[in-house]
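**Student:** Contents of data25.cif (mmCIF, C-alpha atoms and all ligand atoms) are given next:
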data_my_file
loop_
_atom_site.label_atom_id
_atom_site.label_comp_id
_atom_site.auth_asym_id
_atom_site.auth_seq_id
_atom_site.Cartn_x
_atom_site.Cartn_y
_atom_site.Cartn_z
CA MET A 3 18.57 2.53 -14.16
CA ARG A 4 17.59 4.62 -11.16
CA GLN A 5 19.89 4.57 -8.15
CA PRO A 6 18.23 4.91 -4.71
CA GLY A 7 18.43 8.59 -3.80
CA ASP A 8 17.92 9.81 -7.38
CA TYR A 9 14.78 11.88 -6.85
CA VAL A 10 12.89 14.41 -8.91
CA CYS A 11 10.80 17.31 -7.63
CA PRO A 12 7.18 16.13 -7.16
CA GLN A 13 6.00 19.57 -8.22
CA CYS A 14 8.00 20.35 -11.39
CA ARG A 15 9.70 16.96 -12.06
CA LEU A 16 13.23 18.44 -12.29
CA PRO A 17 16.03 16.60 -10.42
CA VAL A 18 16.52 17.63 -6.77
CA VAL A 19 19.88 17.86 -4.99
CA PRO A 20 20.72 16.93 -1.38
CA GLU A 21 21.52 19.94 0.83
CA ASP A 22 21.59 20.27 4.66
CA GLU A 23 19.41 17.30 5.66
CA SER A 24 16.99 18.01 2.85
CA TYR A 25 16.50 17.88 -0.92
CA VAL A 26 16.19 21.11 -2.87
CA CYS A 27 14.65 21.68 -6.29
CA LYS A 28 16.67 24.16 -8.35
CA GLY A 29 13.68 24.63 -10.65
CA CYS A 30 10.98 25.78 -8.22
CA ASP A 31 13.06 26.26 -5.01
CA MET A 32 10.93 23.78 -3.05
CA ARG A 33 12.79 22.25 -0.12
CA PHE A 34 11.94 18.76 1.11
CA PRO A 35 13.22 17.76 4.58
CA VAL A 36 14.70 14.42 5.59
CA LEU A 37 12.91 13.46 8.82
CA CYS A 38 13.71 10.43 10.99
CA GLY A 39 16.11 9.46 8.17
CA ILE A 40 13.31 9.45 5.55
CA PRO A 41 12.98 12.06 2.77
CA ASP A 42 9.59 13.78 2.95
CA PHE A 43 8.44 14.84 -0.55
CA ARG A 44 4.80 15.53 0.29
CA LEU A 45 3.12 18.56 -1.21
CA SER A 46 0.19 18.02 1.17
CA SER A 47 -0.70 15.56 3.93
CA ASP A 48 -3.13 12.65 3.96
CA ARG A 49 -6.63 13.58 5.08
CA TYR A 50 -6.38 12.32 8.64
CA LEU A 51 -3.75 14.76 10.01
CA THR A 52 -2.10 18.02 8.98
CA ILE A 53 1.56 17.82 7.90
CA ALA A 54 2.68 19.30 11.25
CA GLU A 55 0.53 16.85 13.28
CA GLU A 56 1.69 14.00 11.12
CA ARG A 57 5.39 14.82 11.49
CA ALA A 58 4.96 15.18 15.26
CA LYS A 59 3.31 11.77 15.50
CA ALA A 60 6.01 10.19 13.29
CA THR A 61 8.77 11.72 15.43
CA ARG A 62 7.09 10.45 18.61
CA LEU A 63 6.94 6.91 17.17
CA HIS A 64 10.54 7.20 15.95
CA VAL A 65 11.70 8.01 19.50
CA TYR A 66 9.55 5.20 20.92
CA ALA A 67 10.98 2.70 18.41
CA GLN A 68 14.55 3.36 19.65
CA THR A 69 13.81 1.42 22.84
CA HIS A 70 10.95 -0.86 21.77
CA SER A 71 10.38 -3.68 19.29
CA PHE A 72 8.53 -3.47 15.97
CA ALA A 73 5.47 -5.22 17.49
CA GLU A 74 5.49 -2.84 20.48
CA THR A 75 5.76 0.17 18.16
CA VAL A 76 2.74 -1.05 16.17
CA ALA A 77 0.80 -1.43 19.43
CA GLU A 78 1.90 2.07 20.49
CA TYR A 79 0.67 3.45 17.16
CA TYR A 80 -2.84 2.17 17.84
CA ARG A 81 -2.67 3.33 21.49
CA ILE A 82 -2.07 6.93 20.39
CA THR A 83 -4.53 6.82 17.47
CA ASP A 84 -8.09 7.86 18.39
CA ASP A 85 -9.32 7.12 14.90
CA VAL A 86 -9.29 3.35 15.34
CA PRO A 87 -11.78 1.95 17.89
CA PRO A 88 -10.11 -0.52 20.34
CA PRO A 89 -11.82 -3.71 19.03
CA MET A 90 -10.51 -2.91 15.56
CA ALA A 91 -7.05 -1.89 16.77
CA THR A 92 -6.22 -5.45 17.88
CA ARG A 93 -7.35 -6.86 14.53
CA PHE A 94 -5.46 -4.20 12.55
CA ALA A 95 -2.28 -4.74 14.61
CA ASP A 96 -2.44 -8.49 13.90
CA TYR A 97 -2.90 -7.69 10.21
CA VAL A 98 0.17 -5.42 10.24
CA LEU A 99 2.32 -8.02 12.04
CA ALA A 100 1.37 -10.65 9.43
CA GLY A 101 2.41 -8.25 6.63
CA GLU A 102 5.64 -10.00 5.73
CA ALA A 103 3.86 -13.36 5.21
CA ARG A 104 1.34 -11.66 2.90
CA GLY A 105 4.18 -9.82 1.14
CA ARG A 106 6.07 -13.06 0.54
CA SER A 107 2.99 -14.70 -0.93
CA MET A 108 2.40 -11.63 -3.14
CA LEU A 109 5.97 -11.57 -4.45
CA ASP A 110 5.85 -15.33 -5.13
CA SER A 111 2.82 -14.86 -7.38
CA PHE A 112 4.50 -11.97 -9.16
CA PRO A 113 8.00 -13.18 -10.11
CA PRO A 114 10.42 -11.23 -12.30
CA ALA A 115 9.68 -12.24 -15.91
CA ASP A 116 13.22 -12.82 -17.14
CA GLY A 117 14.73 -14.51 -14.10
CA ASN A 118 16.83 -11.52 -13.04
CA ARG A 119 15.69 -9.37 -10.14
CA PRO A 120 14.74 -5.88 -11.24
CA ALA A 121 13.86 -3.35 -8.55
CA VAL A 122 10.42 -3.54 -6.92
CA LEU A 123 8.48 -0.49 -5.77
CA ASP A 124 5.81 -0.94 -3.08
CA VAL A 125 3.33 1.91 -3.33
CA GLY A 126 1.51 2.57 -0.06
CA CYS A 127 4.00 0.33 1.73
CA GLY A 128 2.66 1.08 5.24
CA ALA A 129 4.49 -0.92 7.90
CA GLY A 130 6.67 -2.53 5.24
CA GLY A 131 5.39 -6.11 4.91
CA VAL A 132 6.20 -6.34 1.20
CA VAL A 133 9.39 -4.29 1.59
CA VAL A 134 10.73 -6.63 4.31
CA ALA A 135 9.74 -9.74 2.31
CA ALA A 136 11.49 -8.42 -0.82
CA ALA A 137 14.60 -7.27 1.06
CA ARG A 138 14.85 -10.65 2.80
CA ALA A 139 14.65 -12.35 -0.62
CA GLY A 140 17.60 -10.23 -1.76
CA GLN A 141 15.53 -8.04 -4.08
CA SER A 142 16.27 -4.35 -4.50
CA VAL A 143 13.13 -2.68 -3.10
CA SER A 144 11.76 0.80 -2.44
CA GLY A 145 8.68 1.71 -0.40
CA ILE A 146 6.65 4.86 -0.77
CA ASP A 147 3.83 6.02 1.51
CA ILE A 148 2.05 9.30 2.21
CA ALA A 149 2.19 8.59 5.97
CA LEU A 150 5.59 9.28 7.53
CA ARG A 151 4.26 7.67 10.74
CA TRP A 152 3.92 4.34 8.95
CA LEU A 153 7.30 4.65 7.26
CA VAL A 154 8.92 5.12 10.68
CA ILE A 155 7.29 1.82 11.69
CA ALA A 156 8.49 0.19 8.43
CA GLN A 157 12.00 1.48 9.16
CA LYS A 158 11.85 -0.18 12.60
CA HIS A 159 10.57 -3.38 10.96
CA LEU A 160 13.56 -3.42 8.57
CA SER A 161 16.20 -2.60 11.18
CA GLU A 162 14.87 -5.23 13.59
CA GLU A 163 15.33 -7.83 10.85
CA GLY A 164 18.81 -6.52 9.94
CA LEU A 165 17.57 -5.49 6.47
CA SER A 166 17.65 -2.25 4.55
CA ALA A 167 15.55 -0.65 1.80
CA GLU A 168 14.77 2.77 0.45
CA LEU A 169 11.76 4.42 2.11
CA VAL A 170 10.24 7.62 0.72
CA CYS A 171 7.39 9.74 2.03
CA ALA A 172 5.25 11.10 -0.83
CA ASP A 173 1.82 11.21 -2.39
CA ILE A 174 1.68 8.67 -5.22
CA ALA A 175 -0.20 11.20 -7.36
CA ASN A 176 2.97 13.38 -7.21
CA PRO A 177 5.84 10.92 -6.85
CA PRO A 178 9.46 12.12 -6.47
CA LEU A 179 10.65 9.21 -8.59
CA PRO A 180 11.68 9.37 -12.25
CA ASP A 181 9.40 8.08 -15.01
CA ALA A 182 9.72 4.43 -16.08
CA ALA A 183 12.09 3.72 -13.15
CA PHE A 184 10.60 0.36 -12.12
CA GLU A 185 9.77 -2.93 -13.77
CA ARG A 186 7.63 -4.27 -10.94
CA ILE A 187 5.27 -2.34 -8.70
CA VAL A 188 3.11 -3.65 -5.86
CA ALA A 189 0.08 -1.72 -4.60
CA ALA A 190 -1.41 -3.68 -1.70
CA ASP A 191 -4.52 -2.19 -0.03
CA LEU A 192 -3.74 1.11 -1.75
CA PHE A 193 -6.54 2.18 -4.06
CA GLU A 194 -9.28 2.32 -1.41
CA HIS A 195 -7.17 5.02 0.29
CA LEU A 196 -6.65 7.23 -2.77
CA PRO A 197 -9.08 10.12 -3.34
CA ASP A 198 -8.67 9.87 -7.12
CA THR A 199 -8.37 6.31 -8.49
CA GLY A 200 -7.55 7.45 -12.04
CA ALA A 201 -4.81 9.88 -10.97
CA GLY A 202 -3.18 7.19 -8.81
CA ALA A 203 -3.36 4.60 -11.60
CA ARG A 204 -1.86 7.02 -14.15
CA ALA A 205 0.97 7.99 -11.78
CA ILE A 206 1.80 4.33 -11.15
CA SER A 207 1.67 3.64 -14.89
CA SER A 208 4.21 6.41 -15.56
CA LEU A 209 6.61 4.98 -12.93
CA LEU A 210 6.60 1.59 -14.68
CA ALA A 211 8.86 0.84 -17.60
CA PRO A 212 6.86 -0.11 -20.72
CA GLY A 213 5.86 -3.76 -20.36
CA GLY A 214 6.46 -3.55 -16.59
CA CYS A 215 4.15 -5.36 -14.17
CA LEU A 216 1.77 -4.13 -11.48
CA HIS A 217 0.30 -6.32 -8.75
CA VAL A 218 -2.69 -4.89 -6.85
CA THR A 219 -4.67 -6.20 -3.90
CA GLY A 220 -7.75 -4.54 -2.48
CA ALA A 221 -10.84 -4.94 -0.31
CA ASN A 222 -13.99 -5.70 -2.29
CA ARG A 223 -16.86 -3.32 -1.51
CA PHE A 224 -19.39 -5.91 -2.75
CA THR A 225 -18.20 -8.71 -0.48
CA LEU A 226 -20.84 -10.76 1.32
CA ALA A 227 -18.33 -11.19 4.17
CA PRO A 228 -17.58 -8.26 6.51
CA TYR A 229 -15.87 -5.44 4.57
CA PRO A 230 -12.26 -5.83 5.84
CA PRO A 231 -11.35 -2.16 6.59
CA ALA A 232 -14.48 -1.78 8.78
CA GLY A 233 -15.17 -5.33 9.94
CA LEU A 234 -18.86 -4.66 9.10
CA TRP A 235 -21.28 -6.49 6.80
CA GLY A 236 -22.83 -4.89 3.75
CA VAL A 237 -21.37 -1.37 4.04
CA GLY A 238 -20.30 -1.34 0.37
CA PHE A 239 -23.91 -1.69 -0.76
CA LEU A 240 -25.25 1.27 1.23
CA PRO A 241 -25.67 4.83 -0.08
CA ALA A 242 -22.98 7.11 1.43
CA ALA A 243 -25.28 8.98 3.86
CA ILE A 244 -26.79 5.78 5.30
CA ARG A 245 -23.39 4.08 5.43
CA ARG A 246 -21.99 7.01 7.42
CA ARG A 247 -24.77 6.77 10.03
CA TYR A 248 -24.47 2.99 10.22
CA VAL A 249 -20.67 3.04 10.70
CA VAL A 250 -20.92 5.82 13.34
CA TRP A 251 -23.59 3.79 15.17
CA ARG A 252 -21.45 0.65 15.13
CA ARG A 253 -17.96 2.11 15.55
CA GLY A 254 -18.45 5.43 17.33
CA LEU A 255 -16.99 7.37 14.39
CA ASP A 256 -17.09 7.13 10.61
CA THR A 257 -13.94 5.05 10.07
CA LEU A 258 -14.77 4.83 6.35
CA ARG A 259 -15.08 8.59 5.78
CA PHE A 260 -12.00 8.71 3.52
CA GLN A 261 -12.49 5.30 1.90
CA ASN A 262 -12.81 5.15 -1.85
CA MET A 263 -14.36 1.68 -1.92
CA GLN A 264 -13.36 -0.50 -4.87
CA SER A 265 -14.61 -3.58 -6.67
CA PRO A 266 -12.50 -5.91 -8.85
CA ALA A 267 -14.37 -4.93 -12.02
CA GLY A 268 -14.34 -1.18 -11.28
CA LEU A 269 -10.64 -1.06 -10.45
CA GLY A 270 -9.87 -3.24 -13.48
CA ARG A 271 -11.62 -0.67 -15.70
CA ALA A 272 -9.72 2.23 -14.08
CA LEU A 273 -6.39 0.45 -14.63
CA THR A 274 -7.24 -0.25 -18.27
CA LYS A 275 -8.09 3.43 -18.78
CA ALA A 276 -4.72 4.38 -17.24
CA GLY A 277 -2.77 2.34 -19.80
CA PHE A 278 -2.67 -1.12 -18.24
CA GLU A 279 -3.63 -4.47 -19.65
CA CYS A 280 -5.14 -6.52 -16.82
CA THR A 281 -3.77 -10.03 -17.26
CA ARG A 282 -5.37 -11.56 -14.17
CA ILE A 283 -8.26 -10.56 -11.89
CA ALA A 284 -8.86 -13.11 -9.12
CA PRO A 285 -9.79 -13.60 -5.49
CA MET A 286 -6.71 -12.93 -3.37
CA THR A 287 -4.27 -15.84 -3.20
CA VAL A 288 -3.77 -17.32 0.27
CA SER A 289 -0.61 -19.42 0.53
CA VAL A 290 -0.32 -22.69 2.48
CA ASP A 291 2.24 -20.92 4.68
CA ARG A 292 -0.34 -18.31 5.67
CA VAL A 293 -2.82 -21.03 6.61
CA ARG A 294 -0.14 -22.83 8.66
CA ALA A 295 0.77 -19.57 10.42
CA SER A 296 -2.86 -18.96 11.48
CA GLU A 297 -4.80 -20.49 14.35
CA GLY A 298 -8.33 -21.46 15.40
CA ALA A 299 -11.29 -20.00 13.50
CA LYS A 300 -9.05 -18.03 11.17
CA ARG A 301 -7.24 -21.18 10.12
CA ILE A 302 -10.54 -22.93 9.37
CA ALA A 303 -11.77 -19.90 7.37
CA LEU A 304 -8.52 -19.70 5.34
CA THR A 305 -8.60 -23.45 4.65
CA LEU A 306 -12.18 -23.16 3.40
CA TYR A 307 -11.22 -20.12 1.33
CA ARG A 308 -8.39 -22.03 -0.36
CA LEU A 309 -10.79 -24.90 -1.07
CA LEU A 310 -13.24 -22.51 -2.76
CA CYS A 311 -10.36 -20.99 -4.77
CA SER A 312 -9.36 -24.40 -6.12
CA ASN A 313 -12.64 -24.86 -8.06
CA ALA A 314 -13.23 -22.73 -11.18
CA LEU A 315 -16.91 -22.06 -10.44
CA THR A 316 -16.55 -21.14 -6.77
CA ARG A 317 -13.40 -19.15 -7.55
CA LYS A 318 -15.40 -17.02 -9.98
CA ALA A 319 -18.11 -16.46 -7.36
CA LEU A 320 -15.46 -15.61 -4.77
CA LEU A 321 -14.04 -12.93 -7.06
CA HIS A 322 -17.34 -11.05 -6.95
CA ILE A 323 -18.39 -11.66 -3.35
CA GLY A 324 -15.14 -12.50 -1.54
CA PRO A 325 -13.53 -9.97 0.81
CA VAL A 326 -10.23 -9.35 -1.00
CA PHE A 327 -9.20 -9.46 -4.65
CA GLU A 328 -5.99 -9.15 -6.65
CA ILE A 329 -5.17 -7.85 -10.10
CA THR A 330 -2.01 -8.39 -12.11
CA ALA A 331 -1.58 -5.88 -14.93
CA ARG A 332 1.05 -4.97 -17.47
CA ARG A 333 1.79 -1.45 -18.59
CA THR A 334 0.88 -1.28 -22.26
CA PRO A 335 4.06 -0.70 -24.27
CA GLY A 336 4.07 2.64 -26.03
CA MET A 337 1.97 4.50 -23.43
CA PRO A 338 3.48 7.95 -23.00
CA SER A 339 5.01 8.78 -19.61
CA SER A 340 4.06 11.62 -17.27
CA LYS A 341 0.37 11.67 -18.26
CA ARG A 342 -0.84 12.37 -14.77
CA THR A 343 -3.57 14.88 -15.41
ZN ZN B 401 10.52 21.78 -8.40
#
Before anything else, please render the file you have as C-alpha cells.
Ligand SMILES: [Zn+2]
**Tutor:**
Amino acid sequence: MRQPGDYVCPQCRLPVVPEDESYVCKGCDMRFPVLCGIPDFRLSSDRYLTIAEERAKATRLHVYAQTHSFAETVAEYYRITDDVPPPMATRFADYVLAGEARGRSMLDSFPPADGNRPAVLDVGCGAGGVVVAAARAGQSVSGIDIALRWLVIAQKHLSEEGLSAELVCADIANPPLPDAAFERIVAADLFEHLPDTGAGARAISSLLAPGGCLHVTGANRFTLAPYPPAGLWGVGFLPAAIRRRYVVWRRGLDTLRFQNMQSPAGLGRALTKAGFECTRIAPMTVSVDRVRASEGAKRIALTLYRLLCSNALTRKALLHIGPVFEITARRTPGMPSSKRT
C-alpha cells in the first residue's frame, strides 16, 4: 500500500526522491519543488495563470493565511481574483465554506465496501471540503489539485480544524501517484474543468485498484435551472460563439471560457470508455444536514429538491434537467494500468 510521500515522476513514472526541499527524478532529472509545504508536480499550469503567476498568488495567500482565518483567506482569494465578478464571488465563497458539509454527505453515500477504511483520494480537492470531512472522520485522505493557490487554502482549512492530510499539486492527467494506489476516489466538480475528459477519466482509472470505487459530482449543462458555475440560465444549450457573447454581456468577461460542460449521460459514457462500470447515475444527493444548515430561499429550494428526489418519476426528470448530478462507478477488474494515452 502506498505511504504518503511515495511519489512517482509525472513525466516518466519512475520513483522520485526527496532532495533539498524538492523531489528529484533520477530517470529524467526533473526537479519538483515543495512550495508552502506542498509538493508541486505540475508539468504545466492550469489555463488561468502561468506557473510563475500561480506560485506568486499561492505564496501571497500562504502569507495571508498565517494571520487570518480560513474564511478570511477564502474572501481574500476572491478579492485578489479579477476573473470572478463580485456578485459571483460572494456565492462562490459561500459554496467553498459549505464544502465540508457537502464532503461529509458525499463520503456517507460512498462508504468503504468491506467496513475497513482504505485511503481516499480527492481529485481536484480545491479548498479541501472532502479532505477535511474525511480527515475528521478518521479516514486516511489525500487531495490533489492543479491549483497551488487552492491547496494553500485547503492547508489553512485543515490546520484551523487541527487536522492533517496529504496535499499534492499536480495535473490529474499526469499524476505523481503510483498506479492502483487507491480504493476510493472522489472527483467533485472536476470534469467540467478538465480540457480532456477521456484523459482525466483514464488517469483516474489507473490510480484506482481494480474493483475500486469512484464518486463523481458535476454541474449539468442541460439544467433548466441556472448553470451553477455561471449562475446563468440556458448557457449549456447555446452554441459556443453565442454563449461566449452572452456570458460576456452578463458577466463582463467569459467566465466559462475554459469550461468543458458535462451532462450525466455524456460523462457516464466517457467513464465507461475509460474502464469504469457506472453503478449509479442520479441527481446529486442533498442530506438533511445540508438543508438544516441552510437558510431562507435556499432552504426552501433544497427542501423542494429533496422532495422531488424522493419520487422515482421526478427523480428521473431531475437527473436530466437538475443543476447537479452524481455518478458512482467501479473500476472494471482486469483493466490494464497506465493507459493514459
Ligand atoms: Zn522522470
**Student:** Restricting the calculation to all atoms listed in the file, which member of A:Ile148, A:Pro178, A:Pro35, A:Asp48 is positioned closest to ligand ZN 401 (chain B)?
**Tutor:**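 Among the listed residues, A:Pro178 lies closest to ligand ZN 401 (chain B).
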**Student:** Report as CSV: every residue of chain A with an atom at most 12 Å from ligand ZN 401 (chain B), its closest pair of atoms, and their distance in Å to one decimal, counting all atoms listed in the file, with rows sorted by chain and ascending residue number.
**Tutor:**
residue,atom,partner,partner_atom,distance
A:Tyr9,CA,B:ZN401,ZN,10.9
A:Val10,CA,B:ZN401,ZN,7.8
A:Cys11,CA,B:ZN401,ZN,4.5
A:Pro12,CA,B:ZN401,ZN,6.7
A:Gln13,CA,B:ZN401,ZN,5.0
A:Cys14,CA,B:ZN401,ZN,4.2
A:Arg15,CA,B:ZN401,ZN,6.1
A:Leu16,CA,B:ZN401,ZN,5.8
A:Pro17,CA,B:ZN401,ZN,7.8
A:Val18,CA,B:ZN401,ZN,7.5
A:Val19,CA,B:ZN401,ZN,10.7
A:Tyr25,CA,B:ZN401,ZN,10.3
A:Val26,CA,B:ZN401,ZN,7.9
A:Cys27,CA,B:ZN401,ZN,4.6
A:Lys28,CA,B:ZN401,ZN,6.6
A:Gly29,CA,B:ZN401,ZN,4.8
A:Cys30,CA,B:ZN401,ZN,4.0
A:Asp31,CA,B:ZN401,ZN,6.2
A:Met32,CA,B:ZN401,ZN,5.7
A:Arg33,CA,B:ZN401,ZN,8.6
A:Phe34,CA,B:ZN401,ZN,10.1
A:Phe43,CA,B:ZN401,ZN,10.7
A:Leu45,CA,B:ZN401,ZN,10.8
A:Asn176,CA,B:ZN401,ZN,11.4
A:Pro177,CA,B:ZN401,ZN,11.9
A:Pro178,CA,B:ZN401,ZN,9.9
**Student:** For Thr287 of chain A, which of A:Glu55, A:Glu328, A:Glu23, A:Glu102 is the closest residue, counting all atoms listed in the file?
**Tutor:**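 Closest candidate: A:Glu328.
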**Student:** Please, what distance in Å, to one decimal, runs between atom CA of Ala331 of chain A and atom CA of Ala211 of chain A?
**Tutor:** 12.7 Å
**Student:** May I have a table of the residues of segment 169-259 of chain A lying at most 6 Å from segment 123-126 of chain A, giving each one's closest pair of atoms and their distance in Å to one decimal, counting only C-alpha atoms, ordered by chain and ascending residue number, as a tab-separated table?
**Tutor:**
residue	atom	partner	partner_atom	distance
A:Ile187	CA	A:Leu123	CA	4.7
A:Val188	CA	A:Asp124	CA	4.7
A:Ala189	CA	A:Val125	CA	5.0
A:Leu192	CA	A:Gly126	CA	5.7
**Student:** Please compute the atom CA of Pro231 of chain A-atom CA of Leu258 of chain A distance, one decimal, in Å.
**Tutor:**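 Spanning atom CA of Pro231 of chain A to atom CA of Leu258 of chain A is a straight-line distance of 7.8 Å.
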**Student:** Which one of A:Ala314, A:Ile244, A:Val218, A:Leu63 sits closest to Phe327 of chain A if you count only C-alpha atoms?
**Tutor:** A:Val218
**Student:** Excluding same-chain residues fewer than 5 positions from Gly130 of chain A, what lies within 9 Å of it counting only C-alpha atoms, as a VMD selection string?
**Tutor:** chain A and resid 98 101 to 102 105 124 135 145 152 to 153 155 to 157 159 to 160
**Student:** Give as a ChimeraX atom specification each residue that has an atom at most 12 Å from (3.9, -15.1, 5.2) in the file, counting all atoms listed in the file.
**Tutor:** /A:97-110,131-132,134-136,287-296
**Student:** Select, from A:Arg223, A:Lys59, A:Arg204, A:Lys275, the residue with the minimum atom-to-atom distance to Arg151 of chain A, counting all atoms listed in the file.
**Tutor:**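 Nearest to Arg151 of chain A: A:Lys59.
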**Student:** What is the atom CA of Asn262 of chain A-atom CA of Glu56 of chain A distance in Å, reported with one decimal?
**Tutor:**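 Separating atom CA of Asn262 of chain A from atom CA of Glu56 of chain A is a distance of 21.4 Å.
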**Student:** Just checking: using only C-alpha atoms, which residue out of A:Val122, A:Leu37, A:Leu255, A:Ala221 ends up closest to Pro285 of chain A?
**Tutor:**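 Once distances to Pro285 of chain A are computed over only C-alpha atoms, the minimum belongs to A:Ala221.
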**Student:** Compare A:Asn313, A:Thr257, A:Ser265, A:Gln68 by their minimum atom-to-atom distance to Gly238 of chain A, counting all atoms listed in the file, and give me the closest one.
**Tutor:**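 For Gly238 of chain A, the nearest of the candidates is A:Ser265.
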**Student:** Please provide the set of residues having any atom within 6 Å of Ser144 of chain A, restricted to all atoms listed in the file, with same-chain residues fewer than 2 positions apart removed, written as a PyMOL selection string.
**Tutor:** chain A and resi 123+167-169
**Student:** Just want the 8 Å neighbourhood of Asp147 of chain A, counted on all atoms listed in the file, with same-chain residues fewer than 6 positions away dropped. Output as a list in words.
**Tutor:**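 Those residues are Val125, Gly126, Cys127, Gly128, Leu153, Val170, Cys171, Ala172, Asp173 and Ile174 of chain A.
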**Student:** Would you write out those residues with C-alpha atoms, as a PDB file, in the frame of the given file?
**Tutor:**
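Listed below is the output, selection-v8.pdb:
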ATOM      1  CA  VAL A 125       3.330   1.910  -3.330  1.00  0.00           C
ATOM      2  CA  GLY A 126       1.510   2.570  -0.060  1.00  0.00           C
ATOM      3  CA  CYS A 127       4.000   0.330   1.730  1.00  0.00           C
ATOM      4  CA  GLY A 128       2.660   1.080   5.240  1.00  0.00           C
ATOM      5  CA  LEU A 153       7.300   4.650   7.260  1.00  0.00           C
ATOM      6  CA  VAL A 170      10.240   7.620   0.720  1.00  0.00           C
ATOM      7  CA  CYS A 171       7.390   9.740   2.030  1.00  0.00           C
ATOM      8  CA  ALA A 172       5.250  11.100  -0.830  1.00  0.00           C
ATOM      9  CA  ASP A 173       1.820  11.210  -2.390  1.00  0.00           C
ATOM     10  CA  ILE A 174       1.680   8.670  -5.220  1.00  0.00           C
TER      11      ILE A 174
END
**Student:** Fewer than 3 positions away in the same chain doesn't count, so skip those; otherwise give me all residues within 6 Å of Arg186 of chain A, counting all atoms listed in the file, as an MDAnalysis selection string.
**Tutor:** chainID A and resid 122 214:216
**Student:** Applying 10 Å and only C-alpha atoms, which residues near Pro335 of chain A remain after dropping the ones on its own chain fewer than 4 positions away? List them as a PDB file with C-alpha atoms, in the coordinates of the input.
**Tutor:**
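Final file, result08.pdb:
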ATOM      1  CA  ALA A 211       8.860   0.840 -17.600  1.00  0.00           C
ATOM      2  CA  PRO A 212       6.860  -0.110 -20.720  1.00  0.00           C
ATOM      3  CA  GLY A 213       5.860  -3.760 -20.360  1.00  0.00           C
ATOM      4  CA  GLY A 214       6.460  -3.550 -16.590  1.00  0.00           C
ATOM      5  CA  GLY A 277      -2.770   2.340 -19.800  1.00  0.00           C
ATOM      6  CA  PHE A 278      -2.670  -1.120 -18.240  1.00  0.00           C
ATOM      7  CA  GLU A 279      -3.630  -4.470 -19.650  1.00  0.00           C
TER       8      GLU A 279
END
**Student:** Could segment 263-274 of chain A be completed with N, CA and C atoms and returned as an mmCIF file, in the frame of the given file?
**Tutor:**
data_model
loop_
_atom_site.group_PDB
_atom_site.id
_atom_site.type_symbol
_atom_site.label_atom_id
_atom_site.label_comp_id
_atom_site.auth_asym_id
_atom_site.auth_seq_id
_atom_site.Cartn_x
_atom_site.Cartn_y
_atom_site.Cartn_z
ATOM 1 N N MET A 263 -14.150 3.136 -1.832
ATOM 2 C CA MET A 263 -14.360 1.680 -1.920
ATOM 3 C C MET A 263 -14.251 1.195 -3.369
ATOM 4 N N GLN A 264 -13.653 0.033 -3.535
ATOM 5 C CA GLN A 264 -13.360 -0.500 -4.870
ATOM 6 C C GLN A 264 -14.011 -1.864 -5.073
ATOM 7 N N SER A 265 -14.212 -2.212 -6.328
ATOM 8 C CA SER A 265 -14.610 -3.580 -6.670
ATOM 9 C C SER A 265 -13.601 -4.080 -7.709
ATOM 10 N N PRO A 266 -13.477 -5.404 -7.873
ATOM 11 C CA PRO A 266 -12.500 -5.910 -8.850
ATOM 12 C C PRO A 266 -12.771 -5.369 -10.248
ATOM 13 N N ALA A 267 -14.051 -5.371 -10.659
ATOM 14 C CA ALA A 267 -14.370 -4.930 -12.020
ATOM 15 C C ALA A 267 -14.111 -3.434 -12.187
ATOM 16 N N GLY A 268 -14.512 -2.638 -11.191
ATOM 17 C CA GLY A 268 -14.340 -1.180 -11.280
ATOM 18 C C GLY A 268 -12.879 -0.788 -11.322
ATOM 19 N N LEU A 269 -12.072 -1.411 -10.466
ATOM 20 C CA LEU A 269 -10.640 -1.060 -10.450
ATOM 21 C C LEU A 269 -9.958 -1.568 -11.726
ATOM 22 N N GLY A 270 -10.405 -2.727 -12.212
ATOM 23 C CA GLY A 270 -9.870 -3.240 -13.480
ATOM 24 C C GLY A 270 -10.101 -2.240 -14.608
ATOM 25 N N ARG A 271 -11.303 -1.666 -14.649
ATOM 26 C CA ARG A 271 -11.620 -0.670 -15.700
ATOM 27 C C ARG A 271 -10.743 0.571 -15.548
ATOM 28 N N ALA A 272 -10.544 1.028 -14.307
ATOM 29 C CA ALA A 272 -9.720 2.230 -14.080
ATOM 30 C C ALA A 272 -8.274 1.986 -14.504
ATOM 31 N N LEU A 273 -7.771 0.771 -14.241
ATOM 32 C CA LEU A 273 -6.390 0.450 -14.630
ATOM 33 C C LEU A 273 -6.261 0.402 -16.155
ATOM 34 N N THR A 274 -7.261 -0.175 -16.804
ATOM 35 C CA THR A 274 -7.240 -0.250 -18.270
ATOM 36 C C THR A 274 -7.207 1.163 -18.861
#
